>>> print(open('coords.cif').read())   # mmCIF, C-alpha atoms and all ligand atoms
data_coords
loop_
_atom_site.label_atom_id
_atom_site.label_comp_id
_atom_site.auth_asym_id
_atom_site.auth_seq_id
_atom_site.Cartn_x
_atom_site.Cartn_y
_atom_site.Cartn_z
CA MET A 1 30.91 117.97 114.53
CA THR A 2 29.20 121.32 114.17
CA ILE A 3 28.95 123.55 111.11
CA THR A 4 28.75 127.31 111.52
CA SER A 5 29.25 128.52 107.94
CA PRO A 6 28.77 127.37 104.35
CA ALA A 7 32.57 127.20 104.03
CA GLU A 8 32.73 124.66 106.86
CA ALA A 9 30.07 122.57 105.17
CA ASP A 10 32.09 122.68 101.94
CA ALA A 11 35.23 121.61 103.78
CA LEU A 12 33.36 118.58 105.13
CA ILE A 13 32.15 117.71 101.64
CA VAL A 14 35.70 117.86 100.30
CA GLU A 15 36.77 115.52 103.13
CA LEU A 16 34.00 113.11 102.15
CA VAL A 17 34.85 113.24 98.49
CA ALA A 18 38.61 113.07 98.64
CA THR A 19 40.30 112.15 101.91
CA PRO A 20 41.17 108.93 103.80
CA GLU A 21 39.48 110.41 106.90
CA GLY A 22 36.27 110.84 104.92
CA ARG A 23 36.46 107.22 103.72
CA ALA A 24 37.09 105.90 107.21
CA ASP A 25 34.20 107.82 108.74
CA PRO A 26 31.69 109.38 106.36
CA TYR A 27 28.83 108.98 108.81
CA SER A 28 29.74 111.64 111.36
CA ARG A 29 30.27 114.08 108.46
CA TYR A 30 26.90 113.19 106.96
CA ALA A 31 25.30 113.72 110.39
CA ALA A 32 26.77 117.22 110.67
CA LEU A 33 25.53 118.16 107.20
CA ARG A 34 22.07 116.71 107.84
CA GLU A 35 21.73 118.49 111.16
CA HIS A 36 23.04 121.92 110.15
CA VAL A 37 22.62 122.24 106.35
CA PRO A 38 20.31 119.43 105.14
CA VAL A 39 19.79 121.15 101.78
CA HIS A 40 23.13 122.72 100.94
CA ARG A 41 24.35 124.50 97.84
CA SER A 42 28.03 123.68 97.93
CA GLY A 43 30.74 126.03 96.74
CA ILE A 44 31.59 123.51 94.04
CA GLY A 45 28.19 124.02 92.51
CA PHE A 46 26.15 120.97 93.52
CA TRP A 47 23.17 120.83 95.80
CA VAL A 48 23.75 118.22 98.49
CA LEU A 49 20.81 116.46 100.18
CA THR A 50 21.24 114.38 103.33
CA ARG A 51 17.68 113.82 104.63
CA TYR A 52 15.85 110.59 103.74
CA ASP A 53 12.63 112.26 102.59
CA ASP A 54 14.41 114.83 100.41
CA CYS A 55 16.53 112.10 98.75
CA GLN A 56 13.45 109.93 98.06
CA ARG A 57 11.65 112.94 96.65
CA ILE A 58 14.23 113.89 94.08
CA LEU A 59 14.74 110.28 92.95
CA ARG A 60 11.00 110.00 92.31
CA ASP A 61 10.47 113.44 90.80
CA PRO A 62 9.91 113.33 87.01
CA ARG A 63 11.38 116.85 86.80
CA MET A 64 14.78 115.37 87.73
CA GLY A 65 16.82 113.48 85.13
CA LYS A 66 20.14 112.10 84.04
CA ASP A 67 21.29 114.66 81.48
CA PHE A 68 24.51 116.05 82.93
CA SER A 69 25.83 117.48 79.67
CA GLY A 70 27.94 120.50 80.19
CA ALA A 71 28.12 120.00 83.95
CA ALA A 72 31.42 119.75 85.76
CA LEU A 73 30.97 116.74 87.98
CA ALA A 74 34.44 116.32 89.43
CA LEU A 75 36.86 118.43 91.39
CA GLY A 76 40.23 119.45 90.06
CA LEU A 77 40.01 118.38 86.40
CA SER A 78 40.94 120.54 83.43
CA GLU A 79 38.20 121.46 80.95
CA GLU A 80 39.43 118.77 78.58
CA GLN A 81 39.31 116.15 81.33
CA GLN A 82 35.85 117.28 82.39
CA ALA A 83 34.75 116.67 78.82
CA GLU A 84 36.32 113.21 78.90
CA GLN A 85 34.46 112.38 82.10
CA ALA A 86 31.25 113.77 80.65
CA ALA A 87 31.57 111.45 77.65
CA PHE A 88 30.76 108.53 79.97
CA ARG A 89 27.66 110.10 81.42
CA ASP A 90 26.52 111.57 78.14
CA ASP A 91 26.48 108.13 76.59
CA HIS A 92 22.76 107.49 76.98
CA SER A 93 22.92 104.03 75.46
CA ASN A 94 22.16 102.21 78.68
CA MET A 95 19.34 102.69 81.17
CA LEU A 96 21.46 104.04 84.01
CA PHE A 97 22.24 107.23 82.09
CA ALA A 98 19.02 107.51 80.06
CA ASP A 99 15.79 109.45 80.60
CA PRO A 100 12.35 108.36 79.36
CA PRO A 101 11.34 107.38 76.75
CA ASP A 102 14.74 105.73 76.04
CA HIS A 103 15.05 104.65 79.66
CA THR A 104 11.70 102.86 79.53
CA ARG A 105 12.63 101.02 76.33
CA LEU A 106 16.14 100.04 77.48
CA ARG A 107 15.00 98.91 80.92
CA SER A 108 11.95 96.93 79.81
CA LEU A 109 14.12 94.63 77.69
CA ALA A 110 16.03 93.38 80.71
CA THR A 111 13.28 93.57 83.31
CA ARG A 112 11.90 90.06 82.87
CA ALA A 113 15.23 88.46 83.79
CA PHE A 114 15.28 90.25 87.16
CA THR A 115 11.77 89.94 88.59
CA PRO A 116 11.67 88.61 92.18
CA ARG A 117 10.00 85.43 90.85
CA THR A 118 12.67 84.73 88.22
CA ILE A 119 15.39 85.45 90.75
CA GLU A 120 13.78 83.16 93.36
CA GLY A 121 14.05 80.41 90.75
CA LEU A 122 17.86 80.77 90.90
CA ARG A 123 18.00 80.26 94.70
CA GLY A 124 18.96 76.58 94.62
CA SER A 125 21.88 77.10 92.27
CA VAL A 126 23.11 80.15 94.23
CA VAL A 127 23.05 78.09 97.46
CA SER A 128 25.18 75.37 95.79
CA LEU A 129 27.60 77.96 94.50
CA VAL A 130 27.94 79.64 97.90
CA ASP A 131 28.56 76.25 99.53
CA GLU A 132 31.24 75.47 96.97
CA LEU A 133 32.98 78.80 97.62
CA ILE A 134 32.70 78.34 101.37
CA ASP A 135 34.28 74.87 101.06
CA GLY A 136 37.28 76.65 99.60
CA LEU A 137 37.59 78.94 102.64
CA ALA A 138 38.55 76.04 104.95
CA ASP A 139 39.59 76.82 108.53
CA GLY A 140 42.07 79.64 108.86
CA GLU A 141 42.69 83.18 107.65
CA VAL A 142 41.25 84.34 104.33
CA ASP A 143 40.78 87.55 102.33
CA VAL A 144 37.00 87.34 101.99
CA MET A 145 36.86 90.08 99.34
CA ASP A 146 38.67 87.88 96.88
CA ALA A 147 37.58 84.39 97.92
CA LEU A 148 33.85 85.08 98.30
CA ALA A 149 32.66 88.67 97.96
CA PHE A 150 33.87 89.03 94.36
CA ARG A 151 33.60 85.43 93.20
CA LEU A 152 29.98 84.82 94.15
CA PRO A 153 28.29 87.74 92.36
CA VAL A 154 30.60 87.63 89.33
CA THR A 155 29.78 83.95 88.86
CA VAL A 156 26.03 84.47 89.28
CA ILE A 157 25.74 87.38 86.83
CA GLY A 158 28.34 85.78 84.52
CA GLU A 159 26.21 82.62 84.29
CA MET A 160 23.00 84.62 83.74
CA LEU A 161 24.47 86.79 81.04
CA GLY A 162 26.65 84.12 79.43
CA VAL A 163 30.16 85.46 80.12
CA PRO A 164 32.48 82.40 80.07
CA ALA A 165 34.02 81.54 83.45
CA GLU A 166 37.61 81.94 82.28
CA ASP A 167 36.93 85.50 81.08
CA ARG A 168 35.40 86.79 84.34
CA PRO A 169 38.43 87.55 86.55
CA GLN A 170 39.83 90.16 84.11
CA PHE A 171 36.71 92.27 84.70
CA ARG A 172 37.43 92.93 88.35
CA PRO A 173 40.18 95.52 87.66
CA LEU A 174 38.44 96.75 84.48
CA VAL A 175 35.13 97.48 86.19
CA ARG A 176 36.87 99.02 89.17
CA ALA A 177 38.84 101.32 86.84
CA SER A 178 35.76 102.31 84.85
CA THR A 179 33.70 103.24 87.93
CA ALA A 180 36.14 106.07 88.66
CA VAL A 181 33.92 108.23 86.45
CA LEU A 182 31.09 107.96 88.97
CA GLU A 183 33.23 109.74 91.54
CA LEU A 184 33.25 113.45 92.38
CA ALA A 185 37.02 113.41 92.67
CA VAL A 186 38.92 111.67 89.93
CA THR A 187 42.56 112.16 88.99
CA PRO A 188 43.57 112.56 85.32
CA GLU A 189 45.35 109.17 85.59
CA ALA A 190 42.23 107.46 86.92
CA LEU A 191 40.20 109.05 84.16
CA ALA A 192 42.60 107.78 81.49
CA ALA A 193 42.47 104.29 83.04
CA ALA A 194 38.65 104.43 83.03
CA THR A 195 38.59 105.37 79.34
CA ALA A 196 40.96 102.52 78.48
CA ALA A 197 38.99 100.02 80.59
CA ARG A 198 35.75 100.99 78.91
CA ALA A 199 37.30 100.49 75.46
CA THR A 200 38.55 97.01 76.47
CA MET A 201 35.12 96.01 77.79
CA GLU A 202 33.36 97.30 74.67
CA GLU A 203 35.71 95.31 72.47
CA TYR A 204 35.20 92.18 74.57
CA PHE A 205 31.40 92.40 74.53
CA ALA A 206 31.31 93.21 70.81
CA GLY A 207 33.18 89.92 70.31
CA LEU A 208 30.86 88.00 72.65
CA VAL A 209 27.78 89.40 70.89
CA ALA A 210 29.20 88.27 67.52
CA GLU A 211 29.83 84.82 68.95
CA ARG A 212 26.28 84.49 70.33
CA ARG A 213 24.86 85.65 67.03
CA ALA A 214 26.71 82.80 65.37
CA ARG A 215 25.91 80.30 68.12
CA PRO A 216 22.90 81.31 70.26
CA ALA A 217 22.90 79.99 73.83
CA ASP A 218 20.49 79.79 76.74
CA ASP A 219 21.51 83.10 78.31
CA LEU A 220 20.44 86.70 78.75
CA LEU A 221 22.83 88.03 76.12
CA THR A 222 21.24 85.79 73.49
CA GLN A 223 17.80 87.02 74.60
CA LEU A 224 18.89 90.65 74.25
CA ILE A 225 20.30 89.91 70.77
CA ALA A 226 16.98 88.33 69.77
CA VAL A 227 15.25 91.55 70.80
CA GLU A 228 17.69 93.60 68.75
CA ASP A 229 17.42 91.40 65.69
CA GLY A 230 13.62 91.36 66.00
CA GLY A 231 13.31 95.05 65.21
CA ASP A 232 14.91 98.38 65.84
CA GLN A 233 14.29 98.44 69.58
CA LEU A 234 17.92 98.06 70.57
CA SER A 235 20.89 99.27 68.53
CA GLU A 236 24.23 97.42 68.52
CA ARG A 237 25.71 100.15 70.68
CA GLU A 238 22.84 99.93 73.16
CA LEU A 239 23.15 96.16 73.25
CA ILE A 240 26.85 96.27 74.12
CA SER A 241 26.40 99.08 76.62
CA THR A 242 23.50 97.25 78.32
CA ALA A 243 25.51 94.02 78.56
CA ILE A 244 28.41 95.88 80.19
CA LEU A 245 26.07 97.65 82.63
CA LEU A 246 24.31 94.43 83.68
CA PHE A 247 27.56 92.57 84.14
CA ALA A 248 29.37 95.36 86.00
CA ALA A 249 26.42 96.39 88.18
CA GLY A 250 25.75 92.70 88.83
CA PHE A 251 28.94 92.14 90.74
CA GLU A 252 30.63 95.40 91.69
CA THR A 253 28.00 96.46 94.23
CA THR A 254 27.04 93.04 95.57
CA THR A 255 30.73 92.39 96.27
CA HIS A 256 30.58 95.31 98.69
CA LEU A 257 27.28 94.25 100.25
CA ILE A 258 29.10 91.06 101.26
CA GLY A 259 32.30 92.86 102.34
CA ASN A 260 30.75 95.84 104.15
CA GLY A 261 28.02 93.64 105.58
CA LEU A 262 30.37 91.01 106.95
CA ARG A 263 32.62 93.64 108.43
CA ALA A 264 29.64 95.31 110.17
CA LEU A 265 28.39 91.99 111.56
CA LEU A 266 31.81 90.93 112.80
CA SER A 267 32.32 94.31 114.48
CA HIS A 268 29.04 93.76 116.38
CA PRO A 269 29.38 90.29 117.94
CA ASP A 270 26.08 90.70 119.80
CA GLN A 271 24.23 91.14 116.51
CA LEU A 272 26.07 88.21 114.94
CA ALA A 273 25.10 86.05 117.93
CA ARG A 274 21.49 87.18 117.59
CA LEU A 275 21.42 86.20 113.93
CA ARG A 276 23.12 82.90 114.72
CA ALA A 277 20.44 82.12 117.30
CA ASP A 278 17.49 83.13 115.09
CA ARG A 279 18.09 82.55 111.42
CA SER A 280 14.62 83.89 110.49
CA LEU A 281 16.29 87.29 110.97
CA VAL A 282 18.41 86.86 107.84
CA ARG A 283 16.09 88.93 105.63
CA PRO A 284 15.82 91.95 107.96
CA ALA A 285 19.53 91.53 108.72
CA VAL A 286 20.47 92.01 105.05
CA GLU A 287 18.23 95.11 104.84
CA GLU A 288 19.96 96.42 107.95
CA LEU A 289 23.45 95.75 106.58
CA LEU A 290 22.45 97.55 103.37
CA ARG A 291 21.23 100.49 105.44
CA TYR A 292 24.15 100.57 107.84
CA ASP A 293 26.97 100.72 105.28
CA SER A 294 25.58 100.86 101.76
CA PRO A 295 27.74 99.93 98.75
CA VAL A 296 26.24 102.91 96.86
CA GLN A 297 26.45 106.18 98.76
CA LEU A 298 25.10 108.72 96.31
CA ALA A 299 22.89 109.23 93.27
CA ALA A 300 23.02 112.35 91.09
CA ARG A 301 20.29 114.07 89.12
CA THR A 302 19.85 117.27 87.10
CA ALA A 303 16.85 119.53 87.72
CA TYR A 304 14.95 120.06 84.45
CA GLU A 305 12.68 122.68 86.01
CA ASP A 306 12.88 125.07 88.96
CA LEU A 307 11.86 123.35 92.18
CA THR A 308 11.76 123.87 95.92
CA ILE A 309 13.25 121.45 98.42
CA GLY A 310 13.19 122.09 102.14
CA GLY A 311 12.37 125.74 101.52
CA HIS A 312 15.30 126.22 99.11
CA HIS A 313 14.78 127.34 95.54
CA ILE A 314 16.69 125.01 93.22
CA PRO A 315 16.96 126.50 89.73
CA SER A 316 16.55 124.46 86.57
CA GLY A 317 19.92 123.07 85.43
CA SER A 318 21.21 122.47 88.97
CA ILE A 319 22.93 119.20 89.82
CA VAL A 320 21.49 117.60 92.93
CA LEU A 321 23.28 114.88 94.88
CA ALA A 322 21.22 112.53 97.04
CA LEU A 323 23.60 111.19 99.69
CA LEU A 324 21.99 107.78 100.16
CA GLY A 325 24.44 106.82 102.91
CA ALA A 326 23.36 109.92 104.87
CA ALA A 327 19.65 109.31 104.23
CA ASN A 328 20.04 105.78 105.61
CA ARG A 329 21.23 107.25 108.93
CA ASP A 330 18.54 109.94 109.15
CA PRO A 331 17.07 109.91 112.69
CA GLY A 332 13.88 111.35 111.18
CA ARG A 333 13.42 108.04 109.38
CA PHE A 334 15.22 105.34 111.43
CA THR A 335 15.25 105.04 115.22
CA ASP A 336 18.72 105.33 116.72
CA PRO A 337 20.19 105.12 113.22
CA ASP A 338 23.85 104.63 114.13
CA ARG A 339 23.01 101.39 115.93
CA LEU A 340 23.24 98.12 113.99
CA ASP A 341 20.06 96.15 114.72
CA VAL A 342 19.61 92.97 112.68
CA GLY A 343 15.99 92.74 113.79
CA ARG A 344 15.09 96.28 112.71
CA ALA A 345 11.66 96.41 111.08
CA GLU A 346 11.39 100.00 109.88
CA GLY A 347 11.10 99.47 106.14
CA ALA A 348 13.64 99.34 103.36
CA PRO A 349 16.70 101.55 103.27
CA ILE A 350 17.32 103.82 100.26
CA SER A 351 20.40 101.81 99.22
CA PHE A 352 18.84 100.65 95.93
CA GLY A 353 17.74 104.19 94.99
CA GLY A 354 14.14 105.02 94.09
CA GLY A 355 11.82 106.01 91.27
CA ILE A 356 12.31 104.83 87.70
CA HIS A 357 16.02 104.02 88.17
CA PHE A 358 15.36 101.84 91.25
CA CYS A 359 17.98 99.08 91.14
CA LEU A 360 17.03 96.42 88.62
CA GLY A 361 19.11 93.83 90.48
CA ALA A 362 17.77 94.48 94.00
CA ALA A 363 16.07 91.07 94.35
CA LEU A 364 19.20 89.31 93.12
CA ALA A 365 21.53 91.24 95.42
CA ARG A 366 19.26 90.64 98.41
CA MET A 367 19.07 86.92 97.71
CA GLU A 368 22.85 86.58 97.32
CA GLY A 369 23.39 88.46 100.59
CA GLN A 370 20.84 86.37 102.50
CA ILE A 371 22.37 83.09 101.32
CA VAL A 372 25.97 84.14 102.03
CA PHE A 373 25.35 85.24 105.62
CA ASP A 374 23.11 82.27 106.36
CA ARG A 375 25.56 79.67 105.01
CA LEU A 376 28.65 81.27 106.57
CA ILE A 377 27.00 81.11 109.98
CA ASP A 378 25.93 77.51 109.35
CA ARG A 379 29.38 76.40 108.42
CA PHE A 380 31.59 78.21 110.93
CA ALA A 381 31.20 78.30 114.71
CA THR A 382 33.65 81.19 114.93
CA ILE A 383 34.13 84.02 112.46
CA GLU A 384 36.43 86.88 113.48
CA LEU A 385 38.00 89.94 111.92
CA VAL A 386 41.78 89.70 111.70
CA ASP A 387 42.13 93.44 111.11
CA ASP A 388 39.36 95.62 112.52
CA GLN A 389 40.48 98.70 110.53
CA PRO A 390 40.49 97.40 106.93
CA THR A 391 41.33 99.82 104.10
CA HIS A 392 38.52 101.38 102.10
CA ARG A 393 38.62 101.80 98.35
CA ASP A 394 39.45 105.34 97.37
CA SER A 395 35.92 106.29 96.35
CA LEU A 396 32.77 107.81 97.80
CA THR A 397 30.00 106.84 95.37
CA LEU A 398 30.86 103.15 95.59
CA ARG A 399 31.82 102.29 99.14
CA GLY A 400 33.77 99.13 99.75
CA LEU A 401 36.87 97.51 101.17
CA VAL A 402 40.11 96.72 99.38
CA ASP A 403 40.47 93.50 101.37
CA LEU A 404 38.93 91.97 104.47
CA ARG A 405 40.95 89.39 106.36
CA VAL A 406 38.80 87.06 108.38
CA ARG A 407 39.56 84.00 110.58
CA PHE A 408 37.14 81.08 110.28
CA ALA A 409 36.86 78.06 112.54
CA ALA A 410 34.37 75.21 112.17
C1 LIG B 501 23.87 95.43 97.04
C2 LIG B 501 23.96 95.51 95.74
C3 LIG B 501 23.44 96.65 94.92
C4 LIG B 501 23.24 97.96 95.28
C5 LIG B 501 23.47 98.63 96.62
C6 LIG B 501 22.74 98.63 94.09
C7 LIG B 501 22.38 99.97 94.05
C8 LIG B 501 21.83 100.60 92.96
C9 LIG B 501 21.37 101.98 92.95
C10 LIG B 501 21.44 102.96 94.11
C11 LIG B 501 20.87 102.23 91.71
C12 LIG B 501 20.22 103.53 91.23
C13 LIG B 501 21.22 104.52 90.69
C14 LIG B 501 20.57 105.85 90.37
O1 LIG B 501 19.42 106.11 90.73
O2 LIG B 501 21.25 106.69 89.74
C15 LIG B 501 21.03 101.02 90.93
C16 LIG B 501 20.68 100.89 89.61
C17 LIG B 501 20.88 99.73 88.88
N1 LIG B 501 21.33 98.51 89.35
FE1 LIG B 501 21.91 98.08 91.22
N2 LIG B 501 22.67 97.73 93.06
C18 LIG B 501 23.07 96.51 93.53
C19 LIG B 501 23.11 95.32 92.84
C20 LIG B 501 22.76 95.16 91.52
C21 LIG B 501 22.75 93.90 90.81
C22 LIG B 501 23.07 92.52 91.39
C23 LIG B 501 22.40 94.17 89.52
C24 LIG B 501 22.26 93.14 88.45
C25 LIG B 501 22.34 93.29 87.20
C26 LIG B 501 22.15 95.62 89.44
C27 LIG B 501 21.77 96.31 88.32
C28 LIG B 501 21.39 97.64 88.29
C29 LIG B 501 20.94 98.31 87.08
C30 LIG B 501 20.83 97.70 85.70
C31 LIG B 501 20.63 99.63 87.46
C32 LIG B 501 20.11 100.74 86.56
C33 LIG B 501 18.60 100.81 86.67
C34 LIG B 501 18.02 101.98 85.91
O3 LIG B 501 18.72 102.95 85.62
O4 LIG B 501 16.82 101.90 85.58
N3 LIG B 501 22.38 96.18 90.67
N4 LIG B 501 21.60 100.03 91.73
#
>>> encode(input="coords.cif", output="C-alpha cells", more="lines below")
Ligand code: HEM
Amino acid sequence: MTITSPAEADALIVELVATPEGRADPYSRYAALREHVPVHRSGIGFWVLTRYDDCQRILRDPRMGKDFSGAALALGLSEEQQAEQAAFRDDHSNMLFADPPDHTRLRSLATRAFTPRTIEGLRGSVVSLVDELIDGLADGEVDVMDALAFRLPVTVIGEMLGVPAEDRPQFRPLVRASTAVLELAVTPEALAAATAARATMEEYFAGLVAERRARPADDLLTQLIAVEDGGDQLSERELISTAILLFAAGFETTTHLIGNGLRALLSHPDQLARLRADRSLVRPAVEELLRYDSPVQLAARTAYEDLTIGGHHIPSGSIVLALLGAANRDPGRFTDPDRLDVGRAEGAPISFGGGIHFCLGAALARMEGQIVFDRLIDRFATIELVDDQPTHRDSLTLRGLVDLRVRFAA
C-alpha cells in the first residue's frame, strides 16, 4: 500500500478504526502509515504515531497525560454521546485514567500484589489450574477462547482479588461491553451498553466491598479496604473503581494473549515445532507472540505542552495516539518484523505500554502465557486450527478473536 496524500492516510485510519478489512489485516495499513506518514495529523483531529521510538517517547514523556476532557475521541457520535463517552475517561478514580500525583497514590496501593516476585510465588497454583482446564479440553474440537483463554485469567485474577467463582462468568459480557469506550469508533448502542455494564459492575463491587468489610478475607480486595480504612488514601469510589480495573484488566487482555498467540503459533507450524523441540524458548516465544499480534493496539495521551516529534510541531492540547501494534512491527526496531520468530532476542515489545502507566499486570500475563503454551504442547502431540480465518472482535484498541476452534490430539 502506498499513501500519496493526507486524505489517503485518513482513509486508511478509518479502515483500521471501523471496518472488517482493517480488523482482518491492520498490519499492512500500519506499515503504509509508518513508511509514508509516521507522524500524521489525521483529519479527525488526532496525531497518529506508528514508529517504535516515537511511541516509546510519548509514553515516557511527563508532558503527556491522561486528561482528555473536552476531546472528541470517537467518530460519528453526537455531542451528547461524546460527553457520555468522556464521562468514562474523565473518571480519574483509577490509575489508568489518572495523572500524578493521584496516579502515584492509586498505583502504589496495588503494586505490591503484582511484583515479579509475588507473581512467581503463584506459579505452582497457575500450573495446576492450567492442567485442570486442559484436562477438560480432551481430544477433539474445542473453542479455545471459551474453554481456556477466558477461564484461565478470570480464575487467576478472581482468586487474587476475591471475586467468588460463581460470580465470574457474568463479567465476560460486562467487561467486553464496557471496553467499547476505549475505541475510536463506538455506536450509540454500544455506548449505552457500556454505561449500563459499568453501572452493574459498580453495584456488584460495592456489594462485595461491603461484604469484605463485614467479613475480611485473605485477598487483595480486603487489603485495599484496609488501606482505605487506615486513612484517607483511597476513597470508596476509588476503591470500587480500582477493583473493577484490576479485575477487568486482569482477564480481558490476557484472554487475547492466549487466543491471538495460539492462532499465530498454529498458523506457523515451523515455529510451533521449534518450540516443541526446545521448550527453553517459551519465554522469548511469549514475548514474540505479544509483539506479533498484541492484545492492546493503541494507547492515547494528551499533550500538556507544545512538543516536537519527528520534526512535527504538536501543540499543547493535542491528542496523540501511539499505535503499539504498528510500533511492534517497526523495521527500525525489529529485524524482519512481519516474520514470527519464537527465538527472537531483540528486547521486549511495546505491548505493555511504557512510562508510568506501564502495565501493572505484565509479570502475571507473561507467566500465564508461558504456562499455557508450555502445558498445551506437553499434553497434545497435535494441535491444529479448524478455521484459519477466525472472526475478530469489532474493536481496534483491544485486538482479539470472537472464537478460535482448535483440534487437539494426544
Ligand atoms: C497480555 C496481557 C496484557 C496486555 C497486553 C496489557 C497491556 C497494557 C497496556 C498497554 C497498558 C498501558 C495503557 C496505557 O498506557 O494507557 C496496561 C495498563 C495496565 N494493565 Fe495491563 N495488560 C495485560 C495484562 C494485564 C493483567 C493480567 C493485569 C492484572 C491486573 C493488568 C493490569 C493493568 C493495569 C492495572 C494497568 C494500568 C496501569 C497504570 O495506569 O498505571 N494488565 N496494560
>>> atom_distance(input="coords.cif", atom1="atom CA of Thr200 of chain A", atom2="atom CA of Ala110 of chain A")
23.2 Å
>>> atom_distance(input="coords.cif", atom1="atom CA of Ala194 of chain A", atom2="atom CA of Leu174 of chain A")
7.8 Å
>>> residues_around(input="coords.cif", residues="Ala18 of chain A", least_positions_apart="5", cutoff="12 Å", atoms="all atoms listed in the file", output="ChimeraX atom specification")
/A:11-13,23-24,26,74-76,183-187,393-397
>>> atom_distance(input="coords.cif", atom1="atom CA of Met145 of chain A", atom2="atom CA of His256 of chain A")
8.2 Å
>>> closest_atom_pairs(input="coords.cif", of="chain A", to="ligand LIG 501 (chain B)", cutoff="7 Å", atoms="all atoms listed in the file", output="JSON lines")
{"residue": "A:Leu59", "atom": "CA", "partner": "B:LIG501", "partner_atom": "O1", "distance": 6.6}
{"residue": "A:Met95", "atom": "CA", "partner": "B:LIG501", "partner_atom": "O3", "distance": 4.5}
{"residue": "A:Leu96", "atom": "CA", "partner": "B:LIG501", "partner_atom": "O3", "distance": 3.4}
{"residue": "A:Phe97", "atom": "CA", "partner": "B:LIG501", "partner_atom": "O3", "distance": 6.6}
{"residue": "A:His103", "atom": "CA", "partner": "B:LIG501", "partner_atom": "O4", "distance": 6.8}
{"residue": "A:Arg107", "atom": "CA", "partner": "B:LIG501", "partner_atom": "O4", "distance": 5.8}
{"residue": "A:Ile157", "atom": "CA", "partner": "B:LIG501", "partner_atom": "C25", "distance": 6.8}
{"residue": "A:Leu245", "atom": "CA", "partner": "B:LIG501", "partner_atom": "C30", "distance": 6.1}
{"residue": "A:Leu246", "atom": "CA", "partner": "B:LIG501", "partner_atom": "C25", "distance": 4.2}
{"residue": "A:Phe247", "atom": "CA", "partner": "B:LIG501", "partner_atom": "C25", "distance": 6.1}
{"residue": "A:Ala249", "atom": "CA", "partner": "B:LIG501", "partner_atom": "C26", "distance": 4.5}
{"residue": "A:Gly250", "atom": "CA", "partner": "B:LIG501", "partner_atom": "C24", "distance": 3.5}
{"residue": "A:Phe251", "atom": "CA", "partner": "B:LIG501", "partner_atom": "C22", "distance": 5.9}
{"residue": "A:Thr253", "atom": "CA", "partner": "B:LIG501", "partner_atom": "C2", "distance": 4.4}
{"residue": "A:Thr254", "atom": "CA", "partner": "B:LIG501", "partner_atom": "C2", "distance": 4.0}
{"residue": "A:His256", "atom": "CA", "partner": "B:LIG501", "partner_atom": "C1", "distance": 6.9}
{"residue": "A:Leu257", "atom": "CA", "partner": "B:LIG501", "partner_atom": "C1", "distance": 4.8}
{"residue": "A:Leu290", "atom": "CA", "partner": "B:LIG501", "partner_atom": "C1", "distance": 6.8}
{"residue": "A:Ser294", "atom": "CA", "partner": "B:LIG501", "partner_atom": "C5", "distance": 6.0}
{"residue": "A:Pro295", "atom": "CA", "partner": "B:LIG501", "partner_atom": "C5", "distance": 4.9}
{"residue": "A:Val296", "atom": "CA", "partner": "B:LIG501", "partner_atom": "C5", "distance": 5.1}
{"residue": "A:Ala299", "atom": "CA", "partner": "B:LIG501", "partner_atom": "O2", "distance": 4.6}
{"residue": "A:Ala300", "atom": "CA", "partner": "B:LIG501", "partner_atom": "O2", "distance": 6.1}
{"residue": "A:Ser351", "atom": "CA", "partner": "B:LIG501", "partner_atom": "C5", "distance": 5.1}
{"residue": "A:Phe352", "atom": "CA", "partner": "B:LIG501", "partner_atom": "C10", "distance": 3.9}
{"residue": "A:Gly353", "atom": "CA", "partner": "B:LIG501", "partner_atom": "C10", "distance": 4.0}
{"residue": "A:Gly354", "atom": "CA", "partner": "B:LIG501", "partner_atom": "O1", "distance": 6.4}
{"residue": "A:Ile356", "atom": "CA", "partner": "B:LIG501", "partner_atom": "O4", "distance": 5.8}
{"residue": "A:His357", "atom": "CA", "partner": "B:LIG501", "partner_atom": "O4", "distance": 3.4}
{"residue": "A:Phe358", "atom": "CA", "partner": "B:LIG501", "partner_atom": "C12", "distance": 5.1}
{"residue": "A:Cys359", "atom": "CA", "partner": "B:LIG501", "partner_atom": "C16", "distance": 3.6}
{"residue": "A:Leu360", "atom": "CA", "partner": "B:LIG501", "partner_atom": "C28", "distance": 4.5}
{"residue": "A:Gly361", "atom": "CA", "partner": "B:LIG501", "partner_atom": "C23", "distance": 3.4}
{"residue": "A:Ala362", "atom": "CA", "partner": "B:LIG501", "partner_atom": "C19", "distance": 5.5}
{"residue": "A:Leu364", "atom": "CA", "partner": "B:LIG501", "partner_atom": "C22", "distance": 5.3}
{"residue": "A:Ala365", "atom": "CA", "partner": "B:LIG501", "partner_atom": "C22", "distance": 4.5}
{"residue": "A:Arg366", "atom": "CA", "partner": "B:LIG501", "partner_atom": "C1", "distance": 6.8}
>>> closest_residue(input="coords.cif", among="A:Thr195, A:Ser42, A:Pro100, A:Gly124", to="Ala86 of chain A", atoms="all atoms listed in the file")
A:Thr195
>>> closest_residue(input="coords.cif", among="A:Asp306, A:Asp278, A:Asp99, A:Glu384", to="Gly343 of chain A", atoms="only C-alpha atoms")
A:Asp278
>>> residues_around(input="coords.cif", residues="Ile350 of chain A", least_positions_apart="4", cutoff="12 Å", atoms="all atoms listed in the file", output="PyMOL selection string")
chain A and resi 50-57+59-60+287-299+322-330+333-334+346+354-355+358-359+362
>>> closest_atom_pairs(input="coords.cif", of="segment 119-194 of chain A", to="segment 260-266 of chain A", cutoff="12 Å", atoms="all atoms listed in the file", output="JSON lines")
{"residue": "A:Asp143", "atom": "CA", "partner": "A:Arg263", "partner_atom": "CA", "distance": 11.9}
{"residue": "A:Val144", "atom": "CA", "partner": "A:Leu262", "partner_atom": "CA", "distance": 9.1}
{"residue": "A:Met145", "atom": "CA", "partner": "A:Asn260", "partner_atom": "CA", "distance": 9.7}
{"residue": "A:Leu148", "atom": "CA", "partner": "A:Leu262", "partner_atom": "CA", "distance": 11.0}
{"residue": "A:Ala149", "atom": "CA", "partner": "A:Leu262", "partner_atom": "CA", "distance": 9.6}
